[in-house]
$ cat target-v7.cif   # mmCIF, C-alpha atoms
data_upload
loop_
_atom_site.label_atom_id
_atom_site.label_comp_id
_atom_site.auth_asym_id
_atom_site.auth_seq_id
_atom_site.Cartn_x
_atom_site.Cartn_y
_atom_site.Cartn_z
CA MET A 14 118.73 204.97 112.36
CA GLN A 15 121.39 202.27 112.06
CA THR A 16 123.24 201.21 115.19
CA ALA A 17 126.86 200.12 115.27
CA PRO A 18 127.14 196.34 114.78
CA THR A 19 127.89 194.42 117.94
CA LYS A 20 130.06 191.31 118.06
CA ASN A 21 126.94 189.10 118.42
CA THR A 22 125.23 190.79 115.48
CA SER A 23 128.33 190.34 113.35
CA ARG A 24 128.59 186.64 114.20
CA THR A 25 124.89 186.17 113.44
CA TYR A 26 125.30 187.72 110.01
CA LEU A 27 128.49 185.72 109.46
CA ARG A 28 126.56 182.54 110.20
CA MET A 29 123.70 183.63 107.90
CA ALA A 30 126.16 184.42 105.11
CA PHE A 31 128.17 181.21 105.54
CA ILE A 32 125.34 178.69 105.78
CA PRO A 33 124.05 179.04 102.18
CA LEU A 34 127.60 178.88 100.89
CA ALA A 35 128.27 175.73 102.93
CA VAL A 36 125.10 174.30 101.34
CA GLY A 37 126.75 175.03 98.01
CA ILE A 38 129.85 173.06 99.07
CA ASN A 39 127.71 170.01 99.90
CA LEU A 40 125.74 170.32 96.67
CA GLY A 41 128.76 170.83 94.46
CA ILE A 42 130.74 167.90 95.77
CA SER A 43 127.79 165.49 95.94
CA ALA A 44 126.75 166.45 92.40
CA LEU A 45 130.23 165.55 91.15
CA VAL A 46 130.14 162.24 93.01
CA GLN A 47 126.69 161.42 91.56
CA ILE A 48 127.79 162.23 88.03
CA LEU A 49 130.94 160.15 88.37
CA LYS A 50 129.15 157.27 90.14
CA LEU A 51 131.88 157.12 92.77
CA PRO A 52 131.43 154.54 95.56
CA VAL A 53 131.31 157.29 98.18
CA PHE A 54 128.91 160.14 99.01
CA LEU A 55 131.14 163.06 100.14
CA ASP A 56 127.94 164.99 100.79
CA SER A 57 128.57 166.24 104.33
CA ILE A 58 131.83 168.20 104.16
CA GLY A 59 129.93 171.50 104.39
CA THR A 60 127.91 170.14 107.31
CA ILE A 61 131.02 169.08 109.23
CA ILE A 62 132.83 172.39 108.62
CA THR A 63 129.77 174.41 109.66
CA ALA A 64 129.23 172.33 112.81
CA LEU A 65 132.86 172.95 113.80
CA LEU A 66 132.63 176.67 113.10
CA PHE A 67 129.13 177.55 114.29
CA GLY A 68 127.74 174.60 116.21
CA TRP A 69 125.37 171.73 115.55
CA ARG A 70 122.26 173.80 114.80
CA SER A 71 123.94 175.63 111.94
CA GLY A 72 125.51 172.38 110.76
CA ALA A 73 122.12 170.69 110.83
CA ILE A 74 120.58 173.53 108.80
CA VAL A 75 123.33 173.14 106.20
CA GLY A 76 122.82 169.39 106.05
CA VAL A 77 119.03 169.44 105.80
CA LEU A 78 118.97 172.29 103.27
CA SER A 79 121.61 170.71 101.06
CA PHE A 80 119.76 167.39 101.04
CA ALA A 81 116.44 169.12 100.33
CA ILE A 82 117.90 171.04 97.39
CA SER A 83 119.85 167.97 96.24
CA SER A 84 116.58 166.03 96.12
CA VAL A 85 115.21 168.40 93.48
CA THR A 86 118.42 168.58 91.47
CA VAL A 87 120.67 165.52 91.40
CA PHE A 88 119.52 162.87 93.86
CA PRO A 89 115.78 162.70 94.71
CA PRO A 90 116.01 160.20 97.60
CA ALA A 91 118.43 162.52 99.44
CA ILE A 92 115.75 164.25 101.47
CA TYR A 93 114.79 161.03 103.22
CA PHE A 94 118.22 161.05 104.89
CA SER A 95 117.99 164.57 106.32
CA GLY A 96 117.84 163.12 109.84
CA THR A 97 121.28 161.63 109.28
CA GLN A 98 122.64 165.10 108.57
CA ILE A 99 121.24 166.41 111.86
CA CYS A 100 122.92 163.57 113.73
CA ILE A 101 126.19 164.19 111.89
CA ALA A 102 126.11 167.83 113.02
CA ILE A 103 125.42 166.86 116.63
CA TYR A 104 128.17 164.21 116.59
CA VAL A 105 130.72 166.64 115.10
CA GLN A 106 129.91 169.27 117.74
CA ILE A 107 130.36 166.74 120.55
CA VAL A 108 133.51 165.17 119.14
CA GLY A 109 134.92 168.55 118.14
CA GLY A 110 134.43 169.73 121.70
CA PHE A 111 136.77 166.98 122.85
CA GLY A 112 139.46 167.72 120.26
CA GLY A 113 138.38 164.99 117.87
CA PHE A 114 139.90 166.87 114.90
CA LYS A 115 143.19 167.82 116.55
CA ASN A 116 145.38 165.57 114.39
CA VAL A 117 145.10 162.93 111.67
CA PHE A 118 144.82 159.97 114.05
CA ARG A 119 142.05 161.58 116.13
CA THR A 120 140.24 162.64 112.96
CA PHE A 121 140.46 159.08 111.65
CA VAL A 122 138.91 157.72 114.84
CA SER A 123 136.24 160.45 114.76
CA GLY A 124 135.48 159.43 111.19
CA ILE A 125 134.95 155.82 112.24
CA GLY A 126 132.55 156.95 114.96
CA LEU A 127 130.75 159.17 112.49
CA ALA A 128 130.37 156.25 110.08
CA ILE A 129 128.74 154.14 112.79
CA VAL A 130 126.38 156.97 113.82
CA ALA A 131 125.42 157.73 110.22
CA ALA A 132 124.79 154.06 109.41
CA LEU A 133 122.67 153.50 112.53
CA VAL A 134 120.54 156.59 111.89
CA SER A 135 120.09 155.82 108.17
CA ALA A 136 119.22 152.15 108.80
CA PRO A 137 115.58 152.71 109.89
CA VAL A 138 114.95 154.88 106.81
CA ILE A 139 116.40 152.23 104.50
CA TYR A 140 114.58 149.44 106.33
CA PHE A 141 111.09 150.94 106.61
CA LEU A 142 110.91 153.35 103.68
CA PHE A 143 112.98 151.48 101.09
CA GLY A 144 112.23 147.96 102.28
CA GLY A 145 115.91 147.36 102.98
CA ILE A 146 117.13 148.08 99.46
CA THR A 147 117.98 151.50 98.05
CA GLY A 148 118.97 150.34 94.59
CA ASN A 149 122.59 151.52 94.76
CA GLY A 150 125.82 149.52 95.04
CA ILE A 151 125.47 149.03 98.79
CA SER A 152 122.26 147.07 98.19
CA ILE A 153 124.27 144.31 96.53
CA PHE A 154 126.18 143.81 99.77
CA THR A 155 122.89 143.92 101.71
CA LEU A 156 121.48 141.17 99.48
CA TYR A 157 124.65 139.13 99.88
CA LEU A 158 124.39 139.28 103.66
CA GLN A 159 120.69 138.36 103.57
CA ALA A 160 121.46 135.42 101.30
CA HIS A 161 124.00 134.23 103.91
CA GLY A 162 121.60 134.15 106.80
CA PHE A 163 121.68 137.69 108.16
CA SER A 164 118.31 139.21 109.05
CA LYS A 165 117.15 142.16 106.97
CA GLY A 166 117.86 144.62 109.79
CA ALA A 167 121.33 143.26 110.50
CA SER A 168 122.13 143.26 106.76
CA VAL A 169 121.08 146.89 106.38
CA ILE A 170 123.12 148.03 109.40
CA THR A 171 126.20 146.00 108.51
CA SER A 172 126.26 147.07 104.86
CA GLY A 173 125.58 150.65 105.90
CA ILE A 174 128.49 150.74 108.33
CA THR A 175 130.80 149.17 105.75
CA ALA A 176 129.83 151.70 103.08
CA GLU A 177 129.91 154.68 105.40
CA MET A 178 133.31 153.79 106.88
CA ILE A 179 135.35 154.87 103.85
CA ASP A 180 133.07 157.79 103.06
CA LYS A 181 132.87 159.38 106.50
CA VAL A 182 136.55 158.84 107.36
CA ALA A 183 137.44 160.46 104.03
CA GLN A 184 135.11 163.39 104.71
CA CYS A 185 136.57 163.99 108.16
CA LEU A 186 140.14 163.84 106.85
CA ILE A 187 139.27 166.16 103.93
CA THR A 188 137.69 168.60 106.41
CA LEU A 189 140.82 168.56 108.56
CA PHE A 190 143.00 169.13 105.50
CA ILE A 191 140.82 172.04 104.37
CA LEU A 192 140.71 173.74 107.77
CA LYS A 193 144.48 173.36 108.20
CA SER A 194 144.96 174.98 104.76
CA ILE A 195 142.92 178.07 105.54
CA PRO A 196 145.04 181.11 106.42
CA ALA A 197 144.93 181.96 110.13
CA SER A 198 144.00 185.57 109.32
CA LEU A 199 140.82 184.38 107.61
CA LEU A 200 140.00 181.66 110.12
CA LYS A 201 140.13 184.09 113.06
CA ASN A 202 136.90 185.69 111.73
CA PHE A 203 135.19 182.35 112.39
CA TYR A 204 136.69 181.76 115.81
CA SER A 205 134.92 179.20 118.00
CA ASP A 206 135.85 177.11 121.04
CA ARG A 207 135.80 173.99 118.92
CA LEU A 208 138.46 175.41 116.60
CA LYS A 209 140.63 176.26 119.60
CA LYS A 210 140.26 172.77 121.08
CA ASN A 211 141.31 171.26 117.76
CA ASN A 212 144.37 173.50 117.34
CA LEU A 213 142.84 175.13 114.26
CA MET B 23 101.21 186.71 87.05
CA ASP B 24 101.32 183.05 86.00
CA ARG B 25 98.00 181.28 86.57
CA ARG B 26 99.73 177.89 86.36
CA GLN B 27 101.78 178.50 89.47
CA LEU B 28 100.87 176.74 92.67
CA HIS B 29 100.19 178.94 95.66
CA PRO B 30 102.51 178.13 98.61
CA TYR B 31 99.59 176.87 100.69
CA THR B 32 98.52 174.62 97.79
CA ARG B 33 102.03 173.18 97.58
CA LEU B 34 102.08 172.50 101.30
CA LEU B 35 98.60 170.97 101.35
CA LEU B 36 99.37 168.72 98.38
CA LEU B 37 102.64 167.61 99.98
CA VAL B 38 101.18 166.79 103.39
CA SER B 39 97.90 165.26 102.13
CA GLY B 40 99.71 163.37 99.41
CA ILE B 41 102.23 161.83 101.81
CA ILE B 42 99.65 160.90 104.45
CA GLY B 43 97.13 159.62 101.90
CA THR B 44 99.76 157.54 100.10
CA ALA B 45 101.07 156.12 103.38
CA TRP B 46 97.53 155.00 104.24
CA SER B 47 96.90 153.46 100.83
CA GLN B 48 97.42 149.73 100.30
CA ALA B 49 96.27 149.46 96.67
CA PRO B 50 98.84 149.79 93.85
CA LEU B 51 96.43 150.93 91.12
CA PRO B 52 95.10 154.07 92.86
CA ILE B 53 98.66 154.99 93.86
CA ALA B 54 99.80 154.58 90.25
CA GLY B 55 96.87 156.74 89.12
CA PHE B 56 97.74 159.41 91.69
CA GLU B 57 101.33 159.36 90.48
CA MET B 58 100.17 159.95 86.89
CA ILE B 59 98.19 162.99 88.04
CA LEU B 60 101.21 164.28 89.96
CA LEU B 61 103.36 163.99 86.86
CA VAL B 62 100.81 166.09 84.96
CA ILE B 63 100.94 168.73 87.72
CA LEU B 64 104.73 168.68 87.59
CA ALA B 65 104.62 169.10 83.80
CA VAL B 66 102.19 172.05 84.08
CA ASN B 67 104.37 173.72 86.75
CA SER B 68 107.81 173.08 85.39
CA GLY B 69 107.38 172.31 81.69
CA ILE B 70 107.43 169.16 79.60
CA ARG B 71 111.22 169.23 79.22
CA LEU B 72 111.79 168.94 82.96
CA ILE B 73 109.26 166.12 83.16
CA VAL B 74 111.05 164.16 80.46
CA ILE B 75 114.40 164.70 82.21
CA PHE B 76 112.86 163.78 85.56
CA LEU B 77 111.31 160.62 84.13
CA MET B 78 114.27 159.44 82.09
CA ILE B 79 117.09 160.29 84.45
CA VAL B 80 115.49 160.03 87.87
CA LEU B 81 112.16 158.30 88.20
CA LEU B 82 112.38 155.44 85.72
CA PRO B 83 115.92 154.36 86.70
CA MET B 84 114.96 154.54 90.37
CA MET B 85 111.82 152.45 89.79
CA VAL B 86 113.62 149.95 87.56
CA MET B 87 116.53 149.54 89.97
CA LEU B 88 114.31 149.09 93.00
CA THR B 89 112.04 146.68 91.12
CA VAL B 90 114.95 144.59 89.88
CA PHE B 91 116.50 144.43 93.33
CA HIS B 92 113.22 143.47 94.97
CA LEU B 93 112.58 140.86 92.28
CA PHE B 94 116.06 139.46 92.90
CA VAL B 95 115.32 139.14 96.61
CA HIS B 96 111.75 137.95 96.50
CA SER B 97 111.37 136.59 92.92
CA LEU B 98 107.76 136.57 91.77
CA ASN B 99 106.24 135.40 95.03
CA GLY B 100 102.74 136.90 94.67
CA PRO B 101 101.85 138.73 97.91
CA VAL B 102 105.45 139.60 98.76
CA PHE B 103 106.03 140.91 95.24
CA ILE B 104 102.92 143.10 95.44
CA ALA B 105 104.02 144.41 98.85
CA GLN B 106 107.45 145.31 97.49
CA MET B 107 105.95 146.95 94.41
CA LEU B 108 103.75 148.97 96.74
CA THR B 109 106.92 150.15 98.50
CA VAL B 110 108.46 151.19 95.18
CA LEU B 111 105.27 152.97 94.04
CA LYS B 112 104.91 154.84 97.33
CA LEU B 113 108.53 155.98 97.18
CA THR B 114 107.93 157.24 93.65
CA VAL B 115 104.89 159.22 94.79
CA TYR B 116 106.74 160.73 97.77
CA THR B 117 109.62 161.75 95.50
CA THR B 118 107.28 163.40 92.98
CA LEU B 119 105.42 165.23 95.76
CA ILE B 120 108.67 166.63 97.10
CA GLN B 121 109.65 167.72 93.59
CA ILE B 122 106.33 169.57 93.20
CA ALA B 123 106.71 171.22 96.61
CA LEU B 124 110.32 172.31 96.25
CA ILE B 125 110.71 173.17 92.55
CA ILE B 126 109.86 176.85 92.92
CA PRO B 127 110.51 179.44 90.18
CA LEU B 128 113.20 181.80 91.41
CA GLN B 129 110.93 184.86 91.31
CA TYR B 130 108.52 183.18 93.75
CA VAL B 131 111.06 181.73 96.20
CA HIS B 132 110.83 184.67 98.63
CA PHE B 133 107.00 184.76 98.52
CA THR B 134 106.72 181.00 99.01
CA PHE B 135 108.97 180.76 102.03
CA ARG B 136 107.35 183.80 103.65
CA LYS B 137 103.95 182.22 103.27
CA TRP B 138 105.31 179.02 104.78
CA GLY B 139 106.12 181.02 107.92
CA PHE B 140 109.84 181.65 107.58
CA ARG B 141 110.99 185.06 108.77
CA LYS B 142 114.11 187.13 109.28
CA ASP B 143 117.34 185.09 109.38
CA SER B 144 115.71 181.76 108.44
CA LEU B 145 114.10 183.42 105.41
CA LEU B 146 117.42 184.99 104.41
CA ILE B 147 119.22 181.65 104.70
CA LEU B 148 116.58 179.77 102.68
CA VAL B 149 116.40 182.31 99.87
CA SER B 150 120.21 182.51 99.67
CA SER B 151 120.48 178.70 99.55
CA TYR B 152 118.23 178.54 96.51
CA PHE B 153 120.57 180.82 94.59
CA VAL B 154 123.88 179.48 95.91
CA TRP B 155 124.22 176.72 93.30
CA MET B 156 124.99 179.22 90.53
CA ASP B 157 127.48 181.01 92.80
CA VAL B 158 129.41 177.80 93.53
CA VAL B 159 129.46 176.75 89.85
CA LYS B 160 130.86 180.17 88.83
CA ARG B 161 133.54 180.04 91.51
CA SER B 162 134.57 176.52 90.49
CA GLU B 163 134.81 177.59 86.85
CA ARG B 164 136.97 180.59 87.79
CA ILE B 165 139.36 178.40 89.76
CA LEU B 166 139.58 175.86 86.93
CA LEU B 167 140.21 178.68 84.43
CA ALA B 168 142.99 180.06 86.62
CA ARG B 169 144.64 176.64 86.88
CA PHE B 170 144.28 176.10 83.14
CA SER B 171 145.87 179.48 82.34
CA GLN B 172 148.77 178.67 84.67
CA GLY B 173 149.37 175.37 82.90
CA TYR B 174 148.18 172.97 85.61
CA ILE B 175 145.52 171.50 83.29
CA GLU B 176 146.85 170.38 79.92
CA LYS B 177 143.58 169.56 78.17
CA ARG B 178 140.03 170.74 78.75
CA THR B 179 138.67 167.21 79.00
CA PHE B 180 136.26 165.92 81.60
CA MET B 181 138.85 163.60 83.19
CA ALA B 182 141.39 166.40 83.34
CA LYS B 183 138.89 168.59 85.18
CA LEU B 184 138.00 165.69 87.44
CA ARG B 185 141.60 165.34 88.56
CA GLN B 186 141.44 168.94 89.71
CA ILE B 187 138.87 168.22 92.42
CA PRO B 188 141.39 168.01 95.29
CA PHE B 189 142.99 171.28 94.15
CA LEU B 190 139.58 172.89 93.73
CA LEU B 191 138.29 172.31 97.25
CA VAL B 192 140.70 174.43 99.30
CA PRO B 193 140.59 177.61 97.16
CA LEU B 194 136.83 177.16 96.79
CA ILE B 195 136.28 177.05 100.53
CA ILE B 196 138.75 179.87 101.21
CA GLY B 197 136.87 181.97 98.64
CA ILE B 198 133.57 181.06 100.25
CA MET B 199 134.78 182.02 103.72
CA ARG B 200 136.10 185.37 102.46
CA THR B 201 132.80 186.05 100.72
CA ALA B 202 130.86 185.09 103.85
CA ALA B 203 132.95 187.51 105.95
CA GLU B 204 132.46 190.36 103.43
CA ARG B 205 128.76 189.67 102.96
CA SER B 206 128.08 189.50 106.68
CA GLN B 207 129.60 192.98 107.15
CA SER B 208 127.61 194.35 104.23
CA TRP B 209 124.35 192.74 105.38
CA ASP B 210 124.92 193.95 108.94
CA GLU B 211 125.47 197.55 107.79
CA LYS B 212 122.43 197.49 105.50
CA GLY B 213 120.16 195.78 108.04
CA LEU B 214 119.23 193.21 105.41
CA VAL B 215 117.19 190.98 107.71
CA GLU B 216 114.83 193.83 108.61
CA ARG B 217 114.64 194.96 104.99
CA LEU B 218 113.52 191.48 103.89
CA GLU B 219 110.43 191.93 106.05
CA THR B 220 109.34 195.00 104.09
CA VAL B 221 110.49 194.24 100.54
CA ARG B 222 107.80 193.76 97.86
CA PHE B 223 107.85 190.34 96.23
CA SER B 224 106.11 188.62 93.33
CA PRO B 225 102.92 187.08 94.70
CA VAL B 226 101.18 183.97 93.44
CA ARG B 227 97.40 184.24 93.33
CA GLY B 228 95.77 181.28 95.00
CA MET B 229 92.15 181.86 93.98
CA ASN B 230 92.21 180.46 90.47
CA ALA B 231 90.76 177.29 88.97
CA TYR B 232 94.10 175.48 88.81
CA ASN B 233 94.87 175.88 92.48
CA CYS B 234 91.30 175.01 93.48
CA ILE B 235 91.49 171.77 91.47
CA ILE B 236 94.78 170.82 93.14
CA VAL B 237 93.37 171.55 96.61
CA LEU B 238 90.32 169.38 95.86
CA LEU B 239 92.57 166.61 94.56
CA ALA B 240 94.75 166.70 97.69
CA ILE B 241 91.79 166.64 100.07
CA SER B 242 90.02 163.93 98.06
CA TRP B 243 93.12 161.70 98.10
CA LEU B 244 93.45 162.11 101.84
CA VAL B 245 89.77 161.47 102.56
CA TYR B 246 89.55 158.52 100.15
CA ASN B 247 92.48 156.72 101.74
CA GLY B 248 91.36 157.70 105.23
CA VAL B 249 87.95 156.10 104.65
CA LEU B 250 89.56 152.95 103.23
CA LEU B 251 91.90 152.78 106.25
CA ILE B 252 88.98 153.03 108.67
CA ASN B 253 87.05 150.35 106.76
CA ARG B 254 90.07 148.03 106.86
CA HIS B 255 90.16 148.33 110.63
#
$ encode --input "target-v7.cif" --output "structure tokens"
Amino acid sequence: MQTAPTKNTSRTYLRMAFIPLAVGINLGISALVQILKLPVFLDSIGTIITALLFGWRSGAIVGVLSFAISSVTVFPPAIYFSGTQICIAIYVQIVGGFGGFKNVFRTFVSGIGLAIVAALVSAPVIYFLFGGITGNGISIFTLYLQAHGFSKGASVITSGITAEMIDKVAQCLITLFILKSIPASLLKNFYSDRLKKNNL
Amino acid sequence: MDRRQLHPYTRLLLLVSGIIGTAWSQAPLPIAGFEMILLVILAVNSGIRLIVIFLMIVLLPMMVMLTVFHLFVHSLNGPVFIAQMLTVLKLTVYTTLIQIALIIPLQYVHFTFRKWGFRKDSLLILVSSYFVWMDVVKRSERILLARFSQGYIEKRTFMAKLRQIPFLLVPLIIGIMRTAAERSQSWDEKGLVERLETVRFSPVRGMNAYNCIIVLLAISWLVYNGVLLINRH
């Protein structure tokens, strides 16, 4: 016998239905970036949106799943940076709770903070697993810093923050633009405190 | 029933033993040999075509790039060079192991994740995520077609499509949110999560020669490197 759906049941199913689709957003955009060899990643927009809508756990699931699937499709080393996605989701939940996506200026500042968090969390993976060099464009800057007296650790962190700055700020601004563009009638289905605190 | 398919437990055992064994190993030649065997397993599982694509587009460029960068940093300084090559080889092995574990034929996705212990909503999310790629590609194509028919895209060239990315994102995400809302209602009414627990799925038989060989290989690799590690200390 089927019972009438409660509000909690509906939100659970909404989360379950949205998460795979948000994974698709991450995969689609990052695949395009990989193909075009753009100097950014743009691989966390789905994670950020999900964390704002459903919280950090759902955002983390989106991030980890999209990186796991990306590692078997377009970018094999992606899975090693799954921890970064979890931290991104946690950061977005915290910052979103304080209205960090309320306007362009606040989003810009939140993006800078996100860049620093992402770079710091990725640095140990790059340092210990990749020996400091991942083989992409950022590695050239890492080598440059090492050649000018920076230690390997400092080079990895500094080059990481520099690279992530443009990428994460762009992702936060794109997320704000997307959420502002969504009709209110559709967004009300995904209501959360974080959306209210960010005037979305 | 495909006898060449890896049982979910075999995949998991190979992944875990392979990663631990490789992490313990300090000799490049055995690691290179193990990688060769892994490539054969990948070819048996996924076909020669995928192996060639994987080698040419993923593995070889990754190895060449990392090698060149490490050479640039450390030149041909003997012990340091060998240490850096070990890093590159280990990364290659980890990447191949993950490919073997996660490249699952679509008809076995449900069976595999159930055997790995995922249930109810986590199982639903995982299975849906494996199929979502095709969904997103179709949506993107529909949006591009709509923009082309309305005259926003003059030519069907790659660069012209590329310039549509900013205009693609918003309708794509709006479409996704609408679909999520509709699906959640449908799934809720049908009790999909409970139904997943009882649905029949395509099983993979574990008790065949192929799986037994892989299990032996995984355990042997782990034990071999474990013994060497103990002897080193």
$ resolve_selection --input "target-v7.cif" --expression "the PyMOL selection byres ((chain A and resi 109) around 10)" --output "PyMOL selection string"
chain A and resi 61+64-66+68+103-108+110-115+120+123+206-211
$ resolve_selection --input "target-v7.cif" --expression "the PyMOL selection byres ((chain B) within 6 of (chain A))" --output "compact mmCIF listing (two decimals) with C-alpha atoms, in the coordinates of the input"
# COMPACT_ATOMS: atom_id res chain seq x y z
CA MET B 87 116.53 149.54 89.97
CA LEU B 88 114.31 149.09 93.00
CA GLN B 121 109.65 167.72 93.59
CA ILE B 147 119.22 181.65 104.70
CA SER B 150 120.21 182.51 99.67
CA SER B 151 120.48 178.70 99.55
CA VAL B 154 123.88 179.48 95.91
CA TRP B 155 124.22 176.72 93.30
CA VAL B 158 129.41 177.80 93.53
CA VAL B 192 140.70 174.43 99.30
CA ALA B 202 130.86 185.09 103.85
CA ALA B 203 132.95 187.51 105.95
CA SER B 206 128.08 189.50 106.68
$ closest_residue --input "target-v7.cif" --among "A:Arg119, A:Lys165, A:Gly96, A:Ser71" --to "Val134 (chain A)" --atoms "only C-alpha atoms"
A:Gly96
$ resolve_selection --input "target-v7.cif" --expression "the PyMOL selection byres ((chain B and resi 243) around 12)" --output "ChimeraX atom specification"
/B:35-47,52-53,55-57,59-60,236-242,244-250
$ write_last_selection --input "target-v7.cif" --atoms "C-alpha atoms" --output "PDB file, in the coordinates of the input"
ATOM      1  CA  LEU B  35      98.600 170.970 101.350  1.00  0.00           C
ATOM      2  CA  LEU B  36      99.370 168.720  98.380  1.00  0.00           C
ATOM      3  CA  LEU B  37     102.640 167.610  99.980  1.00  0.00           C
ATOM      4  CA  VAL B  38     101.180 166.790 103.390  1.00  0.00           C
ATOM      5  CA  SER B  39      97.900 165.260 102.130  1.00  0.00           C
ATOM      6  CA  GLY B  40      99.710 163.370  99.410  1.00  0.00           C
ATOM      7  CA  ILE B  41     102.230 161.830 101.810  1.00  0.00           C
ATOM      8  CA  ILE B  42      99.650 160.900 104.450  1.00  0.00           C
ATOM      9  CA  GLY B  43      97.130 159.620 101.900  1.00  0.00           C
ATOM     10  CA  THR B  44      99.760 157.540 100.100  1.00  0.00           C
ATOM     11  CA  ALA B  45     101.070 156.120 103.380  1.00  0.00           C
ATOM     12  CA  TRP B  46      97.530 155.000 104.240  1.00  0.00           C
ATOM     13  CA  SER B  47      96.900 153.460 100.830  1.00  0.00           C
ATOM     14  CA  PRO B  52      95.100 154.070  92.860  1.00  0.00           C
ATOM     15  CA  ILE B  53      98.660 154.990  93.860  1.00  0.00           C
ATOM     16  CA  GLY B  55      96.870 156.740  89.120  1.00  0.00           C
ATOM     17  CA  PHE B  56      97.740 159.410  91.690  1.00  0.00           C
ATOM     18  CA  GLU B  57     101.330 159.360  90.480  1.00  0.00           C
ATOM     19  CA  ILE B  59      98.190 162.990  88.040  1.00  0.00           C
ATOM     20  CA  LEU B  60     101.210 164.280  89.960  1.00  0.00           C
ATOM     21  CA  ILE B 236      94.780 170.820  93.140  1.00  0.00           C
ATOM     22  CA  VAL B 237      93.370 171.550  96.610  1.00  0.00           C
ATOM     23  CA  LEU B 238      90.320 169.380  95.860  1.00  0.00           C
ATOM     24  CA  LEU B 239      92.570 166.610  94.560  1.00  0.00           C
ATOM     25  CA  ALA B 240      94.750 166.700  97.690  1.00  0.00           C
ATOM     26  CA  ILE B 241      91.790 166.640 100.070  1.00  0.00           C
ATOM     27  CA  SER B 242      90.020 163.930  98.060  1.00  0.00           C
ATOM     28  CA  LEU B 244      93.450 162.110 101.840  1.00  0.00           C
ATOM     29  CA  VAL B 245      89.770 161.470 102.560  1.00  0.00           C
ATOM     30  CA  TYR B 246      89.550 158.520 100.150  1.00  0.00           C
ATOM     31  CA  ASN B 247      92.480 156.720 101.740  1.00  0.00           C
ATOM     32  CA  GLY B 248      91.360 157.700 105.230  1.00  0.00           C
ATOM     33  CA  VAL B 249      87.950 156.100 104.650  1.00  0.00           C
ATOM     34  CA  LEU B 250      89.560 152.950 103.230  1.00  0.00           C
TER      35      LEU B 250
END
$ closest_residue --input "target-v7.cif" --among "A:Gln98, A:Thr171, A:Ser83, A:Gln184" --to "Gln47 (chain A)" --atoms "all atoms listed in the file"
A:Ser83
$ atom_distance --input "target-v7.cif" --atom1 "CA of Ile139 (chain A)" --atom2 "CA of Leu51 (chain B)"
24.1 Å
$ atom_distance --input "target-v7.cif" --atom1 "CA of Gly76 (chain A)" --atom2 "CA of Met156 (chain B)"
18.5 Å
$ atom_distance --input "target-v7.cif" --atom1 "CA of Ile125 (chain B)" --atom2 "CA of Ala65 (chain B)"
11.4 Å
